[in-house]
$ cat protein_2.cif   # mmCIF, C-alpha atoms
data_input
loop_
_atom_site.label_atom_id
_atom_site.label_comp_id
_atom_site.auth_asym_id
_atom_site.auth_seq_id
_atom_site.Cartn_x
_atom_site.Cartn_y
_atom_site.Cartn_z
CA MET T 1 -32.75 -3.81 26.71
CA LYS T 2 -30.03 -6.21 27.77
CA CYS T 3 -28.19 -8.32 25.27
CA PRO T 4 -26.91 -11.83 25.85
CA GLU T 5 -23.15 -11.95 26.32
CA GLY T 6 -21.40 -11.11 23.03
CA MET T 7 -24.62 -10.70 21.04
CA CYS T 8 -24.62 -6.88 20.94
CA LYS T 9 -21.09 -6.49 19.65
CA VAL T 10 -21.08 -5.10 16.14
CA ASN T 11 -18.28 -6.00 13.81
CA LEU T 12 -17.73 -2.63 12.11
CA GLY T 13 -15.17 -4.14 9.73
CA LYS T 14 -17.76 -6.56 8.35
CA ILE T 15 -20.35 -3.79 8.02
CA LYS T 16 -17.88 -1.54 6.14
CA GLU T 17 -16.84 -4.43 3.89
CA GLY T 18 -20.48 -5.20 3.07
CA LEU T 19 -21.22 -1.55 2.34
CA VAL T 20 -18.18 -1.20 0.05
CA GLU T 21 -19.17 -4.37 -1.82
CA SER T 22 -22.85 -3.46 -2.19
CA LEU T 23 -22.15 0.10 -3.39
CA GLU T 24 -19.29 -1.11 -5.63
CA LEU T 25 -16.95 1.54 -4.22
CA PRO T 26 -13.23 1.47 -5.08
CA LYS T 27 -11.53 -0.61 -2.38
CA ASP T 28 -8.28 1.34 -2.58
CA LEU T 29 -10.08 4.55 -1.64
CA MET T 30 -12.28 3.04 1.06
CA TYR T 31 -9.58 1.00 2.79
CA GLY T 32 -6.56 3.17 1.98
CA ALA T 33 -4.88 0.19 0.34
CA VAL T 34 -1.56 0.67 -1.40
CA LEU T 35 -1.68 0.29 -5.18
CA VAL T 36 1.40 -1.11 -6.90
CA SER T 37 1.70 -1.16 -10.70
CA ILE T 38 4.77 -2.88 -12.11
CA THR T 39 6.10 -2.69 -15.65
CA GLY T 40 8.50 -5.58 -16.13
CA ARG T 41 11.41 -5.40 -13.70
CA GLN T 42 12.40 -1.82 -14.51
CA GLU T 43 9.56 0.39 -13.30
CA MET T 44 6.89 0.58 -10.62
CA LEU T 45 4.25 3.12 -9.71
CA ILE T 46 3.07 3.22 -6.10
CA GLU T 47 -0.08 5.01 -4.94
CA ASN T 48 -1.44 5.58 -1.41
CA TYR T 49 1.88 5.51 0.43
CA ARG T 50 2.48 7.56 3.57
CA GLY T 51 6.21 8.12 3.60
CA ILE T 52 9.73 7.06 2.65
CA LEU T 53 11.46 5.22 5.50
CA GLU T 54 14.72 4.26 3.79
CA TYR T 55 16.19 5.00 0.37
CA THR T 56 19.39 3.53 -1.06
CA LYS T 57 20.38 2.31 -4.53
CA ASN T 58 19.62 -1.30 -3.49
CA HIS T 59 16.74 -0.89 -1.03
CA ILE T 60 13.68 1.36 -0.70
CA SER T 61 11.35 1.05 2.27
CA LEU T 62 7.96 2.82 2.30
CA GLN T 63 5.27 3.13 4.94
CA THR T 64 1.69 2.63 3.79
CA LYS T 65 -1.52 2.80 5.80
CA THR T 66 -1.65 -0.94 6.33
CA CYS T 67 1.93 -2.20 5.99
CA ARG T 68 5.55 -1.50 5.18
CA LEU T 69 6.53 -2.00 1.53
CA VAL T 70 10.16 -3.01 0.91
CA ILE T 71 11.67 -2.99 -2.58
CA HIS T 72 15.03 -4.67 -3.24
CA GLY T 73 17.00 -4.30 -6.45
CA LYS T 74 19.91 -2.63 -8.18
CA ASN T 75 20.30 1.03 -9.16
CA LEU T 76 16.92 1.87 -7.66
CA ASN T 77 15.86 5.46 -8.14
CA ILE T 78 12.78 7.43 -7.14
CA SER T 79 12.10 9.23 -10.43
CA TYR T 80 9.41 11.43 -8.89
CA TYR T 81 7.01 11.52 -5.97
CA THR T 82 3.98 13.52 -4.94
CA ASN T 83 1.65 13.23 -1.96
CA GLU T 84 -0.36 10.62 -3.87
CA GLU T 85 2.12 8.57 -5.91
CA MET T 86 5.72 7.78 -6.68
CA LYS T 87 7.63 6.19 -9.53
CA ILE T 88 10.60 3.89 -8.88
CA THR T 89 12.95 2.79 -11.64
CA GLY T 90 15.90 0.40 -11.69
CA LEU T 91 16.29 -3.37 -11.71
CA ILE T 92 13.63 -4.61 -9.26
CA ASP T 93 14.47 -7.96 -7.65
CA SER T 94 11.73 -8.28 -5.02
CA ILE T 95 8.81 -6.53 -3.36
CA ILE T 96 7.98 -7.47 0.22
CA TYR T 97 4.92 -6.53 2.27
CA GLU T 98 5.73 -6.44 6.00
CA ASN T 99 3.32 -5.95 8.90
#

$ encode --input "protein_2.cif" --output "structure tokens"
Amino acid sequence: MKCPEGMCKVNLGKIKEGLVESLELPKDLMYGAVLVSITGRQEMLIENYRGILEYTKNHISLQTKTCRLVIHGKNLNISYYTNEEMKITGLIDSIIYEN
């Protein structure tokens, strides 16, 4: 069976999105989205990151599945990290999501 031009293309992203919504699955698990939990300006917990790109007292850059996460501040410290999560403490000034 032949399809008219462009009619047989399936948008897999839309199908996956519809499936996730209809089954009420956690979006962070299905899409690999980074989870950022912030407590005031002194502490943040990051889940679903891939790696540390840069780490100084004023700047931490992380790679996630979908973007680069850049944290600016003062006296930044990675308190702990595992394969799944990390905790950053210090005075957090800004959090930037870069493509």

$ resolve_selection --input "protein_2.cif" --expression "the PyMOL selection byres ((chain T and resi 58-67) around 7)" --output "NGL selection string"
:T and (32-34 or 48-57 or 68-76 or 97-99)

$ atom_distance --input "protein_2.cif" --atom1 "CA of Thr89 (chain T)" --atom2 "CA of Arg41 (chain T)"
8.6 Å

$ atom_distance --input "protein_2.cif" --atom1 "CA of Asp93 (chain T)" --atom2 "CA of Ile38 (chain T)"
11.8 Å

$ atom_distance --input "protein_2.cif" --atom1 "CA of Met44 (chain T)" --atom2 "CA of Glu84 (chain T)"
14.1 Å

$ residues_around --input "protein_2.cif" --residues "Gln42 (chain T)" --least-positions-apart "4" --cutoff "8 Å" --atoms "all atoms listed in the file" --output "list in words"
Thr89, Gly90, Leu91 and Ile92 of chain T

$ closest_residue --input "protein_2.cif" --among "T:Lys14, T:Leu45, T:Thr39, T:Ser22" --to "Met86 (chain T)" --atoms "all atoms listed in the file"
T:Leu45

$ closest_residue --input "protein_2.cif" --among "T:Asn11, T:Lys87, T:Ile96, T:Thr82" --to "Ser37 (chain T)" --atoms "all atoms listed in the file"
T:Lys87

$ decode --input "protein_2.cif" --residues "region 43-67 of chain T" --atoms "N, CA, C and O atoms" --output "PDB file, in the first residue's frame"
ATOM      1  N   GLU T  43      21.134  25.096  49.204  1.00  0.00           N
ATOM      2  CA  GLU T  43      21.249  23.660  48.962  1.00  0.00           C
ATOM      3  C   GLU T  43      20.412  23.247  47.755  1.00  0.00           C
ATOM      4  O   GLU T  43      19.306  23.730  47.565  1.00  0.00           O
ATOM      5  N   MET T  44      20.958  22.340  46.956  1.00  0.00           N
ATOM      6  CA  MET T  44      20.178  21.773  45.853  1.00  0.00           C
ATOM      7  C   MET T  44      20.534  20.308  45.668  1.00  0.00           C
ATOM      8  O   MET T  44      21.667  19.898  45.869  1.00  0.00           O
ATOM      9  N   LEU T  45      19.515  19.542  45.306  1.00  0.00           N
ATOM     10  CA  LEU T  45      19.662  18.127  45.031  1.00  0.00           C
ATOM     11  C   LEU T  45      19.345  17.928  43.553  1.00  0.00           C
ATOM     12  O   LEU T  45      18.313  18.400  43.067  1.00  0.00           O
ATOM     13  N   ILE T  46      20.245  17.264  42.845  1.00  0.00           N
ATOM     14  CA  ILE T  46      20.078  17.058  41.407  1.00  0.00           C
ATOM     15  C   ILE T  46      20.043  15.563  41.132  1.00  0.00           C
ATOM     16  O   ILE T  46      20.926  14.820  41.556  1.00  0.00           O
ATOM     17  N   GLU T  47      19.009  15.133  40.404  1.00  0.00           N
ATOM     18  CA  GLU T  47      18.874  13.729  40.027  1.00  0.00           C
ATOM     19  C   GLU T  47      18.876  13.621  38.504  1.00  0.00           C
ATOM     20  O   GLU T  47      18.481  14.544  37.807  1.00  0.00           O
ATOM     21  N   ASN T  48      19.309  12.481  38.004  1.00  0.00           N
ATOM     22  CA  ASN T  48      19.347  12.180  36.564  1.00  0.00           C
ATOM     23  C   ASN T  48      20.372  13.030  35.819  1.00  0.00           C
ATOM     24  O   ASN T  48      20.119  13.497  34.726  1.00  0.00           O
ATOM     25  N   TYR T  49      21.529  13.224  36.392  1.00  0.00           N
ATOM     26  CA  TYR T  49      22.603  13.909  35.669  1.00  0.00           C
ATOM     27  C   TYR T  49      23.527  12.842  35.083  1.00  0.00           C
ATOM     28  O   TYR T  49      23.530  11.692  35.535  1.00  0.00           O
ATOM     29  N   ARG T  50      24.312  13.230  34.097  1.00  0.00           N
ATOM     30  CA  ARG T  50      25.218  12.261  33.460  1.00  0.00           C
ATOM     31  C   ARG T  50      26.660  12.425  33.892  1.00  0.00           C
ATOM     32  O   ARG T  50      27.397  11.458  33.962  1.00  0.00           O
ATOM     33  N   GLY T  51      27.077  13.677  34.139  1.00  0.00           N
ATOM     34  CA  GLY T  51      28.460  13.867  34.525  1.00  0.00           C
ATOM     35  C   GLY T  51      28.764  15.293  34.925  1.00  0.00           C
ATOM     36  O   GLY T  51      28.006  16.218  34.636  1.00  0.00           O
ATOM     37  N   ILE T  52      29.903  15.457  35.596  1.00  0.00           N
ATOM     38  CA  ILE T  52      30.387  16.774  36.007  1.00  0.00           C
ATOM     39  C   ILE T  52      31.341  17.268  34.930  1.00  0.00           C
ATOM     40  O   ILE T  52      32.335  16.610  34.616  1.00  0.00           O
ATOM     41  N   LEU T  53      31.038  18.425  34.342  1.00  0.00           N
ATOM     42  CA  LEU T  53      31.878  19.002  33.294  1.00  0.00           C
ATOM     43  C   LEU T  53      32.906  19.975  33.851  1.00  0.00           C
ATOM     44  O   LEU T  53      34.041  20.027  33.380  1.00  0.00           O
ATOM     45  N   GLU T  54      32.495  20.757  34.853  1.00  0.00           N
ATOM     46  CA  GLU T  54      33.379  21.753  35.443  1.00  0.00           C
ATOM     47  C   GLU T  54      32.972  21.954  36.899  1.00  0.00           C
ATOM     48  O   GLU T  54      31.782  21.965  37.219  1.00  0.00           O
ATOM     49  N   TYR T  55      33.975  22.139  37.765  1.00  0.00           N
ATOM     50  CA  TYR T  55      33.678  22.274  39.188  1.00  0.00           C
ATOM     51  C   TYR T  55      34.669  23.234  39.827  1.00  0.00           C
ATOM     52  O   TYR T  55      35.850  22.928  39.952  1.00  0.00           O
ATOM     53  N   THR T  56      34.196  24.429  40.177  1.00  0.00           N
ATOM     54  CA  THR T  56      34.986  25.395  40.931  1.00  0.00           C
ATOM     55  C   THR T  56      34.117  25.894  42.078  1.00  0.00           C
ATOM     56  O   THR T  56      32.940  25.554  42.169  1.00  0.00           O
ATOM     57  N   LYS T  57      34.674  26.733  42.933  1.00  0.00           N
ATOM     58  CA  LYS T  57      33.918  27.274  44.073  1.00  0.00           C
ATOM     59  C   LYS T  57      32.805  28.235  43.639  1.00  0.00           C
ATOM     60  O   LYS T  57      31.867  28.474  44.388  1.00  0.00           O
ATOM     61  N   ASN T  58      32.901  28.774  42.411  1.00  0.00           N
ATOM     62  CA  ASN T  58      31.914  29.742  41.932  1.00  0.00           C
ATOM     63  C   ASN T  58      31.075  29.243  40.761  1.00  0.00           C
ATOM     64  O   ASN T  58      30.180  29.957  40.303  1.00  0.00           O
ATOM     65  N   HIS T  59      31.359  28.032  40.277  1.00  0.00           N
ATOM     66  CA  HIS T  59      30.717  27.576  39.033  1.00  0.00           C
ATOM     67  C   HIS T  59      30.748  26.041  38.994  1.00  0.00           C
ATOM     68  O   HIS T  59      31.804  25.440  39.142  1.00  0.00           O
ATOM     69  N   ILE T  60      29.589  25.438  38.782  1.00  0.00           N
ATOM     70  CA  ILE T  60      29.511  23.989  38.566  1.00  0.00           C
ATOM     71  C   ILE T  60      28.697  23.762  37.310  1.00  0.00           C
ATOM     72  O   ILE T  60      27.606  24.303  37.149  1.00  0.00           O
ATOM     73  N   SER T  61      29.247  22.982  36.391  1.00  0.00           N
ATOM     74  CA  SER T  61      28.580  22.677  35.136  1.00  0.00           C
ATOM     75  C   SER T  61      28.377  21.164  35.049  1.00  0.00           C
ATOM     76  O   SER T  61      29.329  20.398  35.213  1.00  0.00           O
ATOM     77  N   LEU T  62      27.132  20.754  34.800  1.00  0.00           N
ATOM     78  CA  LEU T  62      26.779  19.338  34.729  1.00  0.00           C
ATOM     79  C   LEU T  62      26.158  19.017  33.385  1.00  0.00           C
ATOM     80  O   LEU T  62      25.421  19.824  32.821  1.00  0.00           O
ATOM     81  N   GLN T  63      26.398  17.823  32.890  1.00  0.00           N
ATOM     82  CA  GLN T  63      25.743  17.341  31.683  1.00  0.00           C
ATOM     83  C   GLN T  63      24.565  16.473  32.097  1.00  0.00           C
ATOM     84  O   GLN T  63      24.697  15.612  32.959  1.00  0.00           O
ATOM     85  N   THR T  64      23.409  16.729  31.506  1.00  0.00           N
ATOM     86  CA  THR T  64      22.247  15.876  31.715  1.00  0.00           C
ATOM     87  C   THR T  64      21.912  15.225  30.379  1.00  0.00           C
ATOM     88  O   THR T  64      22.582  15.479  29.373  1.00  0.00           O
ATOM     89  N   LYS T  65      20.890  14.432  30.336  1.00  0.00           N
ATOM     90  CA  LYS T  65      20.503  13.773  29.091  1.00  0.00           C
ATOM     91  C   LYS T  65      20.034  14.776  28.046  1.00  0.00           C
ATOM     92  O   LYS T  65      20.314  14.628  26.868  1.00  0.00           O
ATOM     93  N   THR T  66      19.367  15.821  28.493  1.00  0.00           N
ATOM     94  CA  THR T  66      18.753  16.745  27.545  1.00  0.00           C
ATOM     95  C   THR T  66      19.410  18.121  27.461  1.00  0.00           C
ATOM     96  O   THR T  66      19.116  18.871  26.545  1.00  0.00           O
ATOM     97  N   CYS T  67      20.267  18.463  28.428  1.00  0.00           N
ATOM     98  CA  CYS T  67      20.854  19.803  28.420  1.00  0.00           C
ATOM     99  C   CYS T  67      22.077  19.857  29.319  1.00  0.00           C
ATOM    100  O   CYS T  67      22.447  18.876  29.956  1.00  0.00           O
TER     101      CYS T  67
END
